[in-house]
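Below: one structure, written as structure tokens.
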2 protein chains.
Amino acid sequence: MVRKPAKADVKAAASTRKPNMREAILAAAEELFSTYGFNAVSVRDIAQAAGANPGSVTYHFKTKDGLLLEIYRRHCGPMNRRRSELLAAARRVRDVQDRLEAIVRAYVLPAFTSGSDLAGGGTRFTRLRAIMSAEGNEVVRKIIAQTFDDTSHAFIDAIHESLPHIPRTDLVWRGHFLLGALYYTLVTPERVSRLSRGSADGTDAGHAIEELVRATVAALQAAPLDQGTPAPRKAASANPGRALT
Amino acid sequence: MVRKPAKADVKAAASTRKPNMREAILAAAEELFSTYGFNAVSVRDIAQAAGANPGSVTYHFKTKDGLLLEIYRRHCGPMNRRRSELLAAARRVRDVQDRLEAIVRAYVLPAFTSGSDLAGGGTRFTRLRAIMSAEGNEVVRKIIAQTFDDTSHAFIDAIHESLPHIPRTDLVWRGHFLLGALYYTLVTPERVSRLSRGSADGTDAGHAIEELVRATVAALQAAPLDQGTPAPRKAASANPGRALT
DNA sequence: TGATTATTTGGACGATAGTACAAATATGGT
DNA sequence: ACCATATTTGTACTATCGTCCAAATAATCA
């Protein structure tokens, strides 16, 4: 096809230098996958976005699945390490209520903030995980089960220690709901803006975190299902300020 | 509203006769889309699953998008009608606590139970919606905004009437979390079974509904963020049985 | 019945998918 | 400067995609 007129011109056209094409491909793939999903993005799309040749993608990552795998490898480590640190600190909080909130925050925060270099990297990767779990990608399913389940168990255990009267099963459910809410907020933040008629911004990560933490802490403390305790009556409305705490 | 009883006969003899190919294609497409997503399923996959010719799909629905559109048309009406009925009934519940629970149940229940003929139709369609929102399908985005937003507003308004001291914005967030939790449970139910080490079944719709309702009612009643009320201390642990209600 | 319409069929079209590979080029150590 | 290696490039391969179309078949009704 048409040859490039001059190497310098091409490089100048790109906003940044490209010392490491491999990194550029990874960044482009992460951005595209987290926006349109894995199936909807082609290797050629990624190559073009990275200013690379489709063959380079094959050279560096062998297959499209391999590229996705490498993205996960890049993020899982730092994110779970951050979670462990925050969880360890949260466990040391004296007050039960504060501790519970700190634990939930330790789970949610690393999903939003970047674990590595790029701004918004955490949000982007978590959105990618959300889309992947919806698409049911088989390559990713194994990584999730073997990389994230340990972290999930650690958090559930920590919560269970703070709420020993609630069966573990219920806490698993409620932690599951937390992850679903977190994913959905990252996938369709504009829905919040729309339904609130502009009084809330779904893309405001800070606000989303606070809302999510507050709602989750309340949900975790709700009476369990089995133990024959029907949802208590009237008391809540009699104590509106503090609501359910 | 009752559908043809003859439908059962047709289904029983699925391998032999095919009186209505259009319906068979719709059913196959719904099943495949809700399992693998829109992008991952080809028109030929659908045709094969329905025992039809790929050309028949084009004949009946013009395009692949048209097929998806028709699936939505089939379900949206009955589901939202059911929700309206249940919501109207829930509004008439006297006790505030019971009413709140009934409202949430009115939102969640039609998403699980079938609105039409097939068993598990409701669950399947809701799972489809979950995957579609993750894939960011443009064809569907318009339908969602114009068909489901009215319903969402109605539920938020009803909740707001029962919890007037909580700003609408917070209720929007919490309703959003509810939908995310609902979606995620339908998309990856096996995760609940895995993390609970077998003590819970993620595919048990009845149990999922109860857990979801309990957690959501508690979350809705939590103190709002802004009004300077820090999460209350100590009281919760002093009242473990009822927790946050 | 025959005539008209509705549906199904099988094959084809151009576009694009993931991947492979040889040639061209860039890089780094000596 | 040279050589060995790493990387990039251009292109080609096969497979599959959504859609289209003319012919074959089924269904409907005068």
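Just so we're on the same page: first chain in the structure tokens is A, next is B, and so on; residues restart at 1 for each chain, and ligands are numbered from 1 in the order they show up.
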
*Enumerate as a PyMOL selection string all residues of stretch 15-239 of chain A assigned to helix (DSSP H, G or I) by DSSP on the backbone, naming them with the chain letters and numbers the document uses.*
chain A and resi 21-36+43-50+54-61+64-91+96-112+121-135+138-162+168-187+189-195+205-221+235-238

*Tell me the residues of chain A close to chain C, meaning within 10 Å using only C-alpha atoms (C1' of nucleotides), as a count of residues only.*
9

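Distance criterion 9 Å to chain D, applied with only C-alpha atoms (C1' of nucleotides), yields Met1, Ala52, Asn53, Gly55, Ser56 and Tyr59 of chain A on chain A.
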
Create the file for the chosen residues now, containing C-alpha atoms and written as an mmCIF file, in the first residue's frame.
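File written: result_0.cif
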```cif
data_model
loop_
_atom_site.group_PDB
_atom_site.id
_atom_site.type_symbol
_atom_site.label_atom_id
_atom_site.label_comp_id
_atom_site.auth_asym_id
_atom_site.auth_seq_id
_atom_site.Cartn_x
_atom_site.Cartn_y
_atom_site.Cartn_z
ATOM 1 C CA MET A 1 0.000 0.000 0.000
ATOM 2 C CA ALA A 52 0.838 -0.141 15.164
ATOM 3 C CA ASN A 53 0.558 -2.866 12.611
ATOM 4 C CA GLY A 55 1.046 -8.120 12.905
ATOM 5 C CA SER A 56 2.745 -6.479 15.856
ATOM 6 C CA TYR A 59 4.088 -10.755 17.605
#
```

_Length of the atom CA of A:Val57 to atom CA of A:His75 vector [Å]_ = 19.4 Å

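Atom to atom, atom CA of A:Asp157 and atom CA of A:Met132 stand 26.2 Å apart.
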
*Rounded to one decimal place, report the atom CA of A:Ala219-atom CA of A:Val108 distance in Å.*
15.0 Å

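Among the candidates B:Thr151, B:Ser196, B:Thr123, B:Gln48, the one nearest to chain A when counting only C-alpha atoms is B:Ser196.
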